[in-house]
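Just target.txt here, compact mmCIF, C-alpha atoms and all ligand atoms:
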```txt
# COMPACT_ATOMS: atom_id res chain seq x y z
CA MET A 93 57.68 171.31 -19.93
CA THR A 94 60.50 170.36 -22.31
CA PHE A 95 62.78 167.36 -22.66
CA ALA A 96 65.70 169.61 -21.72
CA SER A 97 64.02 170.65 -18.47
CA LEU A 98 63.75 166.97 -17.54
CA GLY A 99 67.55 166.80 -17.54
CA LEU A 100 68.34 165.45 -21.00
CA SER A 101 71.31 166.85 -22.85
CA ASP A 102 71.43 168.50 -26.21
CA ALA A 103 72.25 165.40 -28.29
CA LEU A 104 69.08 163.70 -27.09
CA THR A 105 66.74 166.70 -27.14
CA ARG A 106 67.82 167.41 -30.71
CA ALA A 107 67.08 163.84 -31.70
CA VAL A 108 63.55 163.86 -30.25
CA ALA A 109 62.86 167.29 -31.73
CA GLY A 110 63.90 165.88 -35.09
CA LEU A 111 61.36 163.08 -34.60
CA GLY A 112 58.61 165.64 -34.04
CA TYR A 113 58.20 165.10 -30.29
CA ASP A 114 57.11 168.57 -29.19
CA GLU A 115 56.86 167.84 -25.51
CA PRO A 116 57.25 164.87 -23.19
CA THR A 117 54.21 162.65 -22.63
CA PRO A 118 52.96 162.16 -19.03
CA VAL A 119 54.82 158.87 -18.58
CA GLN A 120 57.99 160.51 -19.84
CA ARG A 121 57.56 163.48 -17.51
CA ALA A 122 57.16 161.16 -14.56
CA THR A 123 59.80 158.58 -15.46
CA ILE A 124 62.78 160.42 -16.94
CA PRO A 125 63.85 162.37 -13.81
CA VAL A 126 63.56 159.27 -11.61
CA VAL A 127 65.68 157.17 -13.95
CA LEU A 128 68.28 159.93 -14.22
CA ARG A 129 68.50 159.98 -10.41
CA GLY A 130 69.21 156.25 -10.47
CA GLY A 131 65.92 155.23 -8.84
CA ASP A 132 63.84 152.12 -9.48
CA VAL A 133 60.56 152.51 -11.36
CA TRP A 134 57.30 150.61 -11.16
CA ALA A 135 55.23 151.95 -14.04
CA SER A 136 51.76 151.11 -15.23
CA ALA A 137 52.14 152.17 -18.80
CA LYS A 138 50.48 150.99 -21.89
CA THR A 139 51.70 150.91 -25.43
CA GLY A 140 51.17 154.27 -27.08
CA SER A 141 51.97 156.24 -23.93
CA GLY A 142 55.54 156.92 -25.00
CA LYS A 143 56.95 154.46 -22.45
CA THR A 144 59.81 153.35 -24.70
CA ALA A 145 61.33 156.82 -24.81
CA ALA A 146 60.54 157.18 -21.10
CA PHE A 147 63.13 154.54 -20.27
CA LEU A 148 65.47 154.81 -23.26
CA LEU A 149 66.19 158.53 -23.13
CA PRO A 150 67.46 158.60 -19.54
CA ILE A 151 69.39 155.35 -20.08
CA LEU A 152 71.13 156.86 -23.10
CA GLU A 153 71.75 160.01 -21.08
CA ALA A 154 73.39 158.04 -18.28
CA LEU A 155 75.53 156.01 -20.67
CA ARG A 156 76.56 159.18 -22.47
CA ALA A 157 77.42 161.00 -19.28
CA ARG A 158 79.57 158.14 -17.95
CA PRO A 159 81.20 156.59 -20.98
CA GLY A 160 82.79 153.19 -20.57
CA GLY A 161 86.35 152.28 -21.50
CA SER A 162 87.52 150.23 -24.45
CA VAL A 163 86.09 146.99 -23.07
CA ARG A 164 82.35 147.28 -23.20
CA PRO A 165 80.55 145.40 -20.48
CA VAL A 166 76.76 145.25 -20.91
CA ARG A 167 75.51 148.20 -18.86
CA ALA A 168 71.86 148.33 -19.85
CA PHE A 169 69.90 145.10 -20.28
CA ILE A 170 66.38 145.37 -21.71
CA LEU A 171 64.11 142.32 -21.61
CA VAL A 172 60.96 142.18 -23.71
CA PRO A 173 58.44 139.47 -24.58
CA THR A 174 58.64 139.47 -28.37
CA ARG A 175 61.23 139.72 -31.10
CA GLU A 176 59.28 142.48 -32.83
CA LEU A 177 59.25 144.64 -29.75
CA ALA A 178 62.98 144.03 -29.27
CA ALA A 179 63.70 145.08 -32.86
CA GLN A 180 61.63 148.22 -32.40
CA ILE A 181 63.50 149.16 -29.27
CA VAL A 182 66.83 148.76 -31.04
CA ASP A 183 65.44 151.01 -33.79
CA SER A 184 64.43 153.61 -31.23
CA ILE A 185 67.87 153.50 -29.63
CA GLN A 186 69.44 154.27 -33.01
CA ARG A 187 67.04 157.15 -33.58
CA TYR A 188 67.35 158.68 -30.13
CA GLY A 189 71.10 158.16 -30.05
CA GLN A 190 71.89 159.48 -33.53
CA HIS A 191 73.60 162.69 -32.32
CA LEU A 192 75.61 161.17 -29.48
CA LYS A 193 79.30 162.05 -29.83
CA LYS A 194 80.45 158.59 -28.84
CA PRO A 195 78.16 156.06 -30.47
CA LEU A 196 76.74 153.39 -28.20
CA LYS A 197 76.89 149.78 -29.22
CA THR A 198 73.55 147.98 -29.06
CA CYS A 199 73.00 144.28 -29.65
CA LEU A 200 69.80 142.40 -30.29
CA ALA A 201 69.50 138.96 -28.69
CA VAL A 202 66.28 137.29 -29.78
CA GLY A 203 65.19 133.80 -30.67
CA GLY A 204 63.76 132.55 -33.96
CA VAL A 205 66.92 133.38 -35.89
CA SER A 206 70.41 131.92 -35.83
CA ALA A 207 72.38 132.71 -32.68
CA ASN A 208 75.71 132.96 -34.51
CA PRO A 209 75.46 136.54 -35.81
CA GLN A 210 74.30 137.62 -32.35
CA MET A 211 77.27 135.88 -30.75
CA LEU A 212 79.61 137.57 -33.22
CA ALA A 213 78.02 140.94 -32.57
CA LEU A 214 78.46 140.48 -28.85
CA ARG A 215 82.21 139.90 -29.21
CA GLY A 216 83.97 142.87 -27.78
CA GLY A 217 80.95 143.64 -25.63
CA ALA A 218 77.99 145.96 -26.02
CA ASP A 219 76.69 148.93 -24.05
CA ILE A 220 73.06 147.89 -24.40
CA VAL A 221 71.50 144.50 -25.03
CA VAL A 222 67.85 144.18 -25.97
CA ALA A 223 66.71 140.59 -25.59
CA THR A 224 63.96 138.07 -25.24
CA PRO A 225 64.58 135.91 -22.14
CA GLY A 226 65.13 132.51 -23.77
CA ARG A 227 67.79 133.65 -26.20
CA ALA A 228 69.49 135.81 -23.58
CA LEU A 229 69.87 132.75 -21.38
CA ASP A 230 71.15 130.65 -24.30
CA LEU A 231 73.78 133.26 -25.05
CA VAL A 232 74.85 133.32 -21.41
CA HIS A 233 75.22 129.54 -21.48
CA GLN A 234 77.34 129.84 -24.63
CA ASN A 235 79.58 132.36 -22.85
CA ALA A 236 78.62 134.97 -25.42
CA LEU A 237 76.81 137.24 -22.99
CA ARG A 238 77.90 138.40 -19.54
CA LEU A 239 75.55 140.28 -17.30
CA ASP A 240 77.65 140.88 -14.22
CA GLN A 241 78.23 144.57 -14.95
CA VAL A 242 74.64 145.52 -15.74
CA GLU A 243 73.77 148.90 -14.24
CA THR A 244 70.16 149.15 -15.41
CA LEU A 245 67.67 146.38 -16.03
CA VAL A 246 64.45 147.10 -17.92
CA LEU A 247 61.52 144.72 -18.06
CA ASP A 248 59.14 145.99 -20.71
CA GLU A 249 55.60 144.59 -20.99
CA ALA A 250 56.21 142.54 -17.87
CA ASP A 251 52.66 141.17 -17.86
CA ARG A 252 53.23 139.72 -21.28
CA LEU A 253 56.60 138.27 -20.26
CA PHE A 254 54.70 136.36 -17.60
CA SER A 255 51.71 135.36 -19.69
CA LEU A 256 54.08 133.95 -22.30
CA GLY A 257 55.63 131.75 -19.62
CA PHE A 258 59.02 133.43 -19.24
CA ALA A 259 58.99 133.43 -15.41
CA ASP A 260 61.70 130.75 -15.03
CA GLU A 261 64.01 132.34 -17.57
CA LEU A 262 63.54 135.71 -15.90
CA ASN A 263 64.51 134.33 -12.53
CA SER A 264 67.57 132.58 -13.98
CA LEU A 265 68.66 135.82 -15.64
CA LEU A 266 68.12 137.89 -12.50
CA ALA A 267 70.45 135.59 -10.62
CA LEU A 268 73.23 136.56 -13.05
CA LEU A 269 72.90 140.29 -12.51
CA PRO A 270 74.82 142.26 -9.89
CA THR A 271 72.74 142.91 -6.80
CA ARG A 272 73.37 146.64 -6.92
CA ARG A 273 71.58 147.87 -9.99
CA GLN A 274 68.68 149.98 -11.17
CA ASN A 275 65.43 148.20 -12.09
CA LEU A 276 62.73 149.63 -14.32
CA LEU A 277 59.54 147.67 -14.76
CA PHE A 278 56.83 148.61 -17.23
CA SER A 279 53.56 146.75 -17.53
CA ALA A 280 50.10 147.54 -18.83
CA THR A 281 48.46 145.37 -16.19
CA PHE A 282 49.52 143.92 -12.84
CA PRO A 283 48.05 140.47 -12.35
CA PRO A 284 49.06 138.90 -8.99
CA ALA A 285 52.13 137.08 -10.36
CA VAL A 286 53.55 140.26 -11.87
CA ARG A 287 52.75 142.27 -8.74
CA LYS A 288 54.56 139.75 -6.56
CA PHE A 289 57.52 139.68 -8.91
CA ALA A 290 57.66 143.49 -8.97
CA GLU A 291 57.60 143.63 -5.17
CA GLN A 292 60.59 141.30 -4.98
CA LEU A 293 62.53 142.87 -7.81
CA LEU A 294 62.19 146.58 -7.16
CA HIS A 295 64.01 148.52 -4.48
CA GLU A 296 61.99 151.44 -3.09
CA PRO A 297 60.49 152.07 -6.51
CA THR A 298 58.73 155.23 -7.62
CA ARG A 299 55.23 154.19 -8.64
CA ILE A 300 54.17 155.75 -11.90
CA ASP A 301 50.61 155.32 -12.92
CA VAL A 302 49.67 157.85 -15.48
CA ASP A 303 46.72 156.15 -17.07
CA ASP A 304 45.24 154.20 -14.20
CA GLY A 305 43.99 151.49 -16.50
CA GLU A 306 41.94 153.85 -18.61
CA LEU A 307 41.81 153.57 -22.35
CA PRO A 308 44.75 155.12 -24.17
CA SER A 309 43.97 158.67 -25.27
CA THR A 310 40.34 157.82 -25.99
CA GLU A 311 39.82 161.41 -26.98
CA PHE A 312 41.66 160.61 -30.20
CA ILE A 313 40.04 157.24 -30.81
CA LEU A 314 36.55 156.94 -32.21
CA GLN A 315 35.32 153.59 -30.92
CA ARG A 316 32.53 151.85 -32.83
CA ALA A 317 30.69 148.55 -32.44
CA LEU A 318 29.23 147.07 -35.62
CA GLN A 319 26.74 144.23 -35.39
CA VAL A 320 27.30 141.51 -37.95
CA ASP A 321 26.73 137.78 -38.29
CA VAL A 322 29.89 135.72 -37.93
CA PRO A 323 29.99 134.37 -41.52
CA ARG A 324 29.64 137.86 -42.99
CA ARG A 325 32.57 139.49 -41.22
CA THR A 326 35.05 139.20 -44.08
CA MET A 327 32.51 140.73 -46.47
CA LEU A 328 31.90 143.56 -44.02
CA LEU A 329 35.62 144.13 -43.64
CA ARG A 330 35.95 144.32 -47.40
CA HIS A 331 33.04 146.74 -47.52
CA LEU A 332 34.66 148.97 -44.89
CA LEU A 333 37.95 148.93 -46.76
CA GLU A 334 36.16 149.88 -49.95
CA THR A 335 34.15 152.68 -48.41
CA HIS A 336 36.82 154.26 -46.20
CA ALA A 337 39.98 155.87 -47.43
CA TRP A 338 42.11 154.27 -44.69
CA SER A 339 45.68 154.06 -45.90
CA HIS A 340 46.28 150.99 -43.77
CA VAL A 341 44.39 148.96 -41.24
CA LEU A 342 45.37 146.57 -38.49
CA THR A 343 42.83 143.78 -38.08
CA PHE A 344 42.84 141.55 -35.05
CA VAL A 345 41.75 137.93 -35.18
CA ALA A 346 41.71 135.14 -32.65
CA SER A 347 43.79 132.50 -34.37
CA ARG A 348 46.59 131.84 -36.77
CA TYR A 349 44.15 130.06 -39.03
CA THR A 350 41.79 133.04 -39.21
CA ALA A 351 44.72 135.40 -39.79
CA ASP A 352 45.85 133.42 -42.84
CA HIS A 353 42.30 132.84 -44.04
CA VAL A 354 41.17 136.48 -43.86
CA ALA A 355 44.39 137.72 -45.47
CA LEU A 356 43.88 135.23 -48.31
CA LYS A 357 40.25 136.27 -48.83
CA LEU A 358 41.18 139.95 -48.94
CA ASN A 359 43.99 139.31 -51.40
CA ARG A 360 41.58 137.41 -53.63
CA ALA A 361 39.34 140.48 -53.53
CA GLY A 362 42.23 142.65 -54.71
CA ILE A 363 43.06 144.17 -51.32
CA VAL A 364 46.73 143.76 -50.43
CA ALA A 365 46.79 142.01 -47.07
CA THR A 366 49.15 139.86 -45.09
CA SER A 367 48.95 137.89 -41.88
CA LEU A 368 51.11 138.17 -38.77
CA HIS A 369 51.10 135.45 -36.17
CA GLY A 370 53.45 133.55 -33.92
CA GLU A 371 53.83 130.55 -36.18
CA LEU A 372 55.35 132.42 -39.08
CA SER A 373 59.11 132.28 -39.45
CA GLN A 374 61.01 135.25 -38.12
CA GLY A 375 61.80 136.30 -41.69
CA ALA A 376 58.13 136.27 -42.65
CA ARG A 377 57.16 138.26 -39.56
CA THR A 378 59.79 140.90 -40.16
CA ARG A 379 58.75 141.15 -43.81
CA ALA A 380 55.06 141.42 -42.99
CA LEU A 381 55.71 144.20 -40.53
CA ALA A 382 58.13 146.07 -42.80
CA ASP A 383 55.66 145.86 -45.72
CA PHE A 384 52.86 147.14 -43.53
CA LYS A 385 54.93 149.99 -42.12
CA ALA A 386 56.04 150.97 -45.62
CA LYS A 387 52.38 150.84 -46.70
CA ARG A 388 53.10 148.18 -49.32
CA VAL A 389 50.45 146.15 -47.52
CA ARG A 390 47.14 147.78 -46.69
CA VAL A 391 45.76 145.31 -44.20
CA LEU A 392 47.74 143.46 -41.57
CA VAL A 393 45.69 140.61 -40.11
CA ALA A 394 47.27 139.77 -36.78
CA THR A 395 46.84 137.78 -33.62
CA ASP A 396 47.35 139.46 -30.24
CA VAL A 397 50.67 137.86 -29.42
CA ALA A 398 52.22 138.92 -32.69
CA ALA A 399 50.87 142.44 -32.59
CA ARG A 400 51.51 143.32 -28.97
CA GLY A 401 53.77 146.31 -28.63
CA LEU A 402 54.18 146.99 -32.32
CA ASP A 403 54.94 150.59 -33.00
CA ILE A 404 53.17 151.57 -36.16
CA ALA A 405 52.96 155.31 -36.50
CA GLN A 406 49.79 157.01 -37.71
CA LEU A 407 47.58 154.00 -38.01
CA PRO A 408 44.15 155.29 -39.02
CA ALA A 409 42.09 152.24 -38.12
CA VAL A 410 42.01 149.09 -36.04
CA VAL A 411 39.35 146.44 -36.63
CA ASN A 412 38.52 143.79 -34.07
CA TYR A 413 37.38 141.07 -36.47
CA ASP A 414 37.38 138.75 -33.46
CA LEU A 415 36.97 140.34 -30.06
CA PRO A 416 39.91 139.96 -27.70
CA ARG A 417 39.43 137.19 -25.15
CA SER A 418 40.87 139.27 -22.37
CA THR A 419 39.16 142.58 -21.70
CA ALA A 420 42.56 144.15 -21.03
CA ASP A 421 43.72 143.25 -24.54
CA TYR A 422 41.00 145.52 -25.91
CA VAL A 423 43.09 148.43 -24.65
CA HIS A 424 46.28 147.14 -26.20
CA ARG A 425 44.58 146.60 -29.50
CA ILE A 426 42.78 149.89 -29.92
CA GLY A 427 45.82 151.71 -28.54
CA ARG A 428 47.52 150.93 -31.86
CA THR A 429 45.56 153.80 -33.38
CA GLY A 430 45.10 157.36 -32.16
CA ARG A 431 48.67 157.34 -30.92
CA ALA A 432 50.59 160.36 -29.80
CA GLY A 433 47.91 162.77 -30.94
CA ASP A 434 46.87 161.19 -34.25
CA LYS A 435 43.18 160.57 -34.76
CA GLY A 436 42.03 156.99 -35.24
CA VAL A 437 39.01 154.74 -35.40
CA ALA A 438 38.65 151.40 -33.62
CA ILE A 439 35.88 149.16 -34.92
CA SER A 440 34.72 146.01 -33.16
CA PHE A 441 32.61 143.40 -34.90
CA VAL A 442 29.97 142.16 -32.49
CA SER A 443 27.82 139.13 -33.27
CA ALA A 444 24.93 137.58 -31.36
CA GLY A 445 27.43 135.12 -29.92
CA THR A 446 29.89 137.73 -28.73
CA GLU A 447 27.48 140.43 -27.56
CA ALA A 448 27.73 139.30 -23.93
CA HIS A 449 31.51 139.31 -24.09
CA PHE A 450 31.56 142.75 -25.63
CA ARG A 451 29.38 144.00 -22.77
CA LEU A 452 32.03 142.73 -20.38
CA ILE A 453 34.67 144.67 -22.29
CA GLU A 454 32.49 147.77 -22.14
CA LYS A 455 31.92 147.33 -18.43
CA ARG A 456 35.63 146.89 -17.75
CA HIS A 457 36.44 150.09 -19.60
CA GLN A 458 33.32 152.05 -18.66
CA LEU A 459 32.10 152.26 -22.21
CA ASP A 460 28.62 152.26 -23.61
CA LEU A 461 28.94 152.16 -27.36
CA PRO A 462 25.86 152.31 -29.56
CA ARG A 463 25.46 149.15 -31.65
CA GLU A 464 25.54 150.09 -35.29
CA GLN A 465 24.42 148.15 -38.32
CA VAL A 466 25.80 148.64 -41.79
CA PRO A 467 23.14 148.56 -44.54
CA GLY A 468 23.39 145.24 -46.35
CA PHE A 469 25.05 143.59 -43.34
CA GLU A 470 22.22 143.64 -40.82
CA PRO A 471 22.58 140.59 -38.56
CA THR A 472 19.98 137.86 -38.67
CA GLU A 473 21.17 136.05 -35.55
CA GLU A 474 19.38 137.20 -32.42
CA VAL A 475 20.92 138.08 -29.13
CA SER A 476 19.31 136.26 -26.24
CA THR A 477 18.48 138.46 -23.27
CA THR A 478 19.05 135.73 -20.70
CA THR A 479 22.48 134.98 -19.31
CA PRO A 480 23.93 132.05 -21.20
CA PRO A 481 25.12 129.01 -19.26
CA ARG A 482 28.87 128.56 -19.30
CA ASP A 483 29.92 126.10 -21.94
CA PRO A 484 31.54 123.22 -20.03
CA ASN A 485 33.41 122.21 -23.17
CA GLY A 486 35.22 125.51 -23.30
CA GLY A 487 33.34 126.96 -26.23
CA VAL A 488 33.28 130.65 -27.00
CA LYS A 489 32.58 132.56 -23.82
CA GLY A 490 29.16 134.16 -23.84
CA ARG A 491 28.02 132.29 -26.96
CA ARG A 492 24.28 132.46 -27.13
CA LYS A 493 21.90 130.33 -29.07
CA SER A 494 20.49 131.92 -32.17
CA LYS A 495 16.79 131.80 -32.94
CA LYS A 496 17.55 129.18 -35.60
CA ASP A 497 19.45 127.08 -33.04
CA LYS A 498 16.50 127.24 -30.68
CA LEU A 499 13.99 126.26 -33.38
CA ARG A 500 16.23 123.38 -34.41
CA GLU A 501 16.54 122.21 -30.82
CA ALA A 502 12.77 122.41 -30.26
CA ALA A 503 12.16 120.40 -33.44
CA ALA A 504 14.73 117.79 -32.40
CA ALA A 505 13.19 117.53 -28.92
CA ALA A 506 9.69 117.10 -30.39
CA ALA A 507 10.94 114.38 -32.73
CA THR A 508 12.52 112.35 -29.93
CA ARG A 509 9.74 112.85 -27.36
CA PRO A 510 7.88 109.57 -26.70
CA PRO A 511 4.23 109.65 -27.87
CA LYS A 512 1.79 110.52 -25.13
CA GLN A 513 0.35 107.46 -23.45
CA GLY A 514 -3.47 107.23 -23.30
CA PRO A 515 -5.19 106.87 -19.90
P1 LIG B 601 55.38 153.76 -27.12
O1 LIG B 601 54.29 153.90 -26.09
O2 LIG B 601 56.73 153.81 -26.52
O3 LIG B 601 55.15 152.55 -27.97
O4 LIG B 601 55.32 155.05 -28.09
C1 LIG B 601 54.21 155.32 -28.89
C2 LIG B 601 54.50 156.26 -30.05
O5 LIG B 601 54.61 157.59 -29.59
C3 LIG B 601 55.78 155.98 -30.81
O6 LIG B 601 55.47 156.07 -32.19
C4 LIG B 601 56.73 157.08 -30.41
O7 LIG B 601 57.62 157.38 -31.46
C5 LIG B 601 55.77 158.23 -30.14
N1 LIG B 601 56.20 159.16 -29.12
C6 LIG B 601 56.86 158.86 -27.96
N2 LIG B 601 57.04 159.97 -27.23
C7 LIG B 601 56.49 160.99 -27.91
C8 LIG B 601 56.36 162.40 -27.67
N3 LIG B 601 56.83 162.96 -26.56
N4 LIG B 601 55.71 163.14 -28.59
C9 LIG B 601 55.22 162.57 -29.71
N5 LIG B 601 55.32 161.24 -30.01
C10 LIG B 601 55.95 160.47 -29.12
```
Take the structure in the file and give it back as structure tokens.
Ligand code: AMP
Amino acid sequence: MTFASLGLSDALTRAVAGLGYDEPTPVQRATIPVVLRGGDVWASAKTGSGKTAAFLLPILEALRARPGGSVRPVRAFILVPTRELAAQIVDSIQRYGQHLKKPLKTCLAVGGVSANPQMLALRGGADIVVATPGRALDLVHQNALRLDQVETLVLDEADRLFSLGFADELNSLLALLPTRRQNLLFSATFPPAVRKFAEQLLHEPTRIDVDDGELPSTEFILQRALQVDVPRRTMLLRHLLETHAWSHVLTFVASRYTADHVALKLNRAGIVATSLHGELSQGARTRALADFKAKRVRVLVATDVAARGLDIAQLPAVVNYDLPRSTADYVHRIGRTGRAGDKGVAISFVSAGTEAHFRLIEKRHQLDLPREQVPGFEPTEEVSTTTPPRDPNGGVKGRRKSKKDKLREAAAAAATRPPKQGP
């Protein structure tokens, strides 16, 4: 099957051929004809599946085939959860649309940067707007953005739009759109809120479920679980970086603090690293990502929110320094490597405290990875075989007491026990 046989015209097929796309991916095969017919789409599609081209190519085709007049009302409106994802989509539009006879005007409408340039750019209209919900709504309130002519609405990473708390903004924006329009919804997962929203939003949608929740192209991802004590993880990461020829590595951590801390430690060890998290300024985030993509930075230490949806081609390795809290995020993380046919390795650090949680991740994704130990980094903490009680104070899920903890507790109990009374 070719892109041309899906109904895309020469300008677009030439562009994707130039990008090295030999044939459409499954999500593209399923989605492109439906979108070209004007139908609604409900797609379970994860990052790495080629979902961006699956919705962009037919949208560009439709805009090309029915060009607008000199006034440009917004005809395609794409809502995404993060600024990075929005910027990537705009990039993809430029790449896919490079051979179009009549260039399409695309505007980015995202928060974290001044609204003025976006308002200026929107003067005279735009064919496509790629936005995060909060800024889109601000621009509407400022009369800089009108959505009453939108023909196609895309919600990308809908689950993340909801988990980031954009539900109200989404509903306010929907109320501004014409009732007759095409709706395309892409989401890696469908928790109840997203399912309900999709049911209300979509009109007789075609359901597209090419991966059925399985791991992204696992055949190209070597998944490994390395046992290590928590305090030795940075040393182990350094060791891995020194012993593998990975050109660049994405490392996932649980918090902003850890992201900064690990990046600092690596830099001190002479490994060029930078952090990426939601509390950096937009400028710093863009720079970190650009440096990583250009391979000026070898290690990007990122939190989930910041890294979700990032399109980094040919990433040889992903390291889960901290395990993801949500088992579904495991898929999003490791899907950053082994993309579109490239081989990759995904390494998870597993400690005594996180062993139980990693088993949950394995169960969810039907995995059974051997636990490996790296010489010199053998863990000393022991994994308890009993199910740990839930920590009522909200501590790390599945945290188990180490042998040392237990000895300490026994000693403390003995010290406080009242002396035995004689008969
Ligand atoms: P996405 O799932 O949209 O984030 O896309 C994942 C990666 O696959 C991106 O780097 C795309 O450029 C690339 N890609 C998308 N479609 C194809 C294709 N048909 N063949 C090869 N690579 C593709």
Taking all atoms of region 146-150 of chain A that appear in the file, build a box with edges along x, y and z, extend it by 4 Å on every side, and state its centre and edge lengths in Å to one decimal, as AutoDock Vina command-line options.
```
--center_x 64.0 --center_y 156.6 --center_z -21.4 --size_x 14.9 --size_y 12.1 --size_z 11.7
```
CA of Thr446 (chain A) to CA of Asp396 (chain A): how many Å, to one decimal? 17.6 Å
What does the distance between CA of Gly112 (chain A) and atom C3 of ligand LIG 601 (chain B) come to in Å, to one decimal place? 10.6 Å
Between region 217-246 of chain A and region 160-181 of chain A, at 9 Å or less, what are the per-residue closest atom pairs and their distances in Å? Count only C-alpha atoms, order by chain and rising residue number, and return it as a tab-separated table.
```
residue	atom	partner	partner_atom	distance
A:Gly217	CA	A:Arg164	CA	4.6
A:Ala218	CA	A:Val166	CA	5.3
A:Asp219	CA	A:Val166	CA	4.8
A:Ile220	CA	A:Ala168	CA	4.7
A:Val221	CA	A:Phe169	CA	5.0
A:Val222	CA	A:Ile170	CA	4.7
A:Ala223	CA	A:Leu171	CA	5.1
A:Thr224	CA	A:Val172	CA	5.3
A:Pro225	CA	A:Leu171	CA	6.4
A:Ala228	CA	A:Leu171	CA	8.7
A:Leu237	CA	A:Val166	CA	8.3
A:Arg238	CA	A:Val166	CA	7.1
A:Leu239	CA	A:Val166	CA	6.3
A:Asp240	CA	A:Val166	CA	8.0
A:Gln241	CA	A:Arg167	CA	6.0
A:Val242	CA	A:Arg167	CA	4.2
A:Glu243	CA	A:Arg167	CA	5.0
A:Thr244	CA	A:Ala168	CA	4.8
A:Leu245	CA	A:Phe169	CA	5.0
A:Val246	CA	A:Ile170	CA	4.6
```
If we count only C-alpha atoms and set the cut-off at 10 Å, which residues sit around Phe450 (chain A), ignoring sequence neighbours fewer than 6 positions away in its own chain? Please answer as a list in words. Ala317, Leu415, Pro416, Arg417, Thr419, Tyr422, Ser440, Phe441, Val442, Ser443, Arg456, Leu461 and Gly490 of chain A
What is the distance between CA of Ile426 (chain A) and CA of Val411 (chain A), in Å to one decimal?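 Rounded to one decimal, the two atoms are 8.3 Å apart.
If you count only C-alpha atoms and ignore residues fewer than 5 places along the chain from Glu371 (chain A), what sits within 12 Å of it is A:Gly204, A:Ser347, A:Arg348, A:Tyr349, A:Ala351, A:Asp352, A:Ala376, A:Arg377, A:Ala394, A:Thr395, A:Val397, A:Ala398.
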Counting all atoms listed in the file, the option among A:Thr378, A:Asn275, A:Ser184, A:Thr335 closest to ligand LIG 601 (chain B):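 Looking only at the distances to ligand LIG 601 (chain B), the closest residue turns out to be A:Ser184.
Nearest residue to Ser141 (chain A), choosing from A:Val410, A:Leu318, A:Val302, A:Val391 and counting all atoms listed in the file: A:Val302.
Nearest to Val108 (chain A) of all the residues A:Thr366, A:Gln465, A:Thr123, A:Gln190 is A:Gln190, based on only C-alpha atoms.
Closest approach to Arg316 (chain A) among A:Val389, A:Val345, A:Leu111, A:Ile439 is made by A:Ile439 (distances from all atoms listed in the file).
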My list of candidates is A:Ala236, A:Leu381, A:Leu229, A:Ala285. Which is closest to Ala213 (chain A) when distances are computed with all atoms listed in the file? A:Ala236
Selection: 9 Å around Val466 (chain A), only C-alpha atoms, excl. self and same-chain fewer than 6 positions, as a PyMOL selection string: chain A and resi 318-320+328
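Each of A:Asp301, A:Glu296, A:Asp248, A:Asp260 was compared to Ala122 (chain A) using only C-alpha atoms, and A:Asp301 turns out to be the nearest.
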At a cut-off of 9 Å, using only C-alpha atoms, what residues contact Leu329 (chain A)? Leave out same-chain residues fewer than 4 positions from it and give the result as a list in words. Arg324, Arg325, Leu333, Glu334, Leu358, Val411 and Tyr413 of chain A
Write out as a PyMOL selection string which residues come within 10 Å of region 384-386 of chain A when counting only C-alpha atoms, dropping same-chain ones fewer than 2 positions away. chain A and resi 340-342+364-366+378-382+388-392+403-407
Please dump the current selection as a PDB file, in the coordinates of the input; keep C-alpha atoms.
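Result file is part08.pdb:
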```pdb
ATOM      1  CA  HIS A 340      46.280 150.990 -43.770  1.00  0.00           C
ATOM      2  CA  VAL A 341      44.390 148.960 -41.240  1.00  0.00           C
ATOM      3  CA  LEU A 342      45.370 146.570 -38.490  1.00  0.00           C
ATOM      4  CA  VAL A 364      46.730 143.760 -50.430  1.00  0.00           C
ATOM      5  CA  ALA A 365      46.790 142.010 -47.070  1.00  0.00           C
ATOM      6  CA  THR A 366      49.150 139.860 -45.090  1.00  0.00           C
ATOM      7  CA  THR A 378      59.790 140.900 -40.160  1.00  0.00           C
ATOM      8  CA  ARG A 379      58.750 141.150 -43.810  1.00  0.00           C
ATOM      9  CA  ALA A 380      55.060 141.420 -42.990  1.00  0.00           C
ATOM     10  CA  LEU A 381      55.710 144.200 -40.530  1.00  0.00           C
ATOM     11  CA  ALA A 382      58.130 146.070 -42.800  1.00  0.00           C
ATOM     12  CA  ARG A 388      53.100 148.180 -49.320  1.00  0.00           C
ATOM     13  CA  VAL A 389      50.450 146.150 -47.520  1.00  0.00           C
ATOM     14  CA  ARG A 390      47.140 147.780 -46.690  1.00  0.00           C
ATOM     15  CA  VAL A 391      45.760 145.310 -44.200  1.00  0.00           C
ATOM     16  CA  LEU A 392      47.740 143.460 -41.570  1.00  0.00           C
ATOM     17  CA  ASP A 403      54.940 150.590 -33.000  1.00  0.00           C
ATOM     18  CA  ILE A 404      53.170 151.570 -36.160  1.00  0.00           C
ATOM     19  CA  ALA A 405      52.960 155.310 -36.500  1.00  0.00           C
ATOM     20  CA  GLN A 406      49.790 157.010 -37.710  1.00  0.00           C
ATOM     21  CA  LEU A 407      47.580 154.000 -38.010  1.00  0.00           C
TER      22      LEU A 407
END
```
Answer as a ChimeraX atom specification, residues within 12 Å of (54.7, 155.3, -11.9) using all atoms listed in the file: /A:118-127,131-138,143,146-147,276-280,297-304
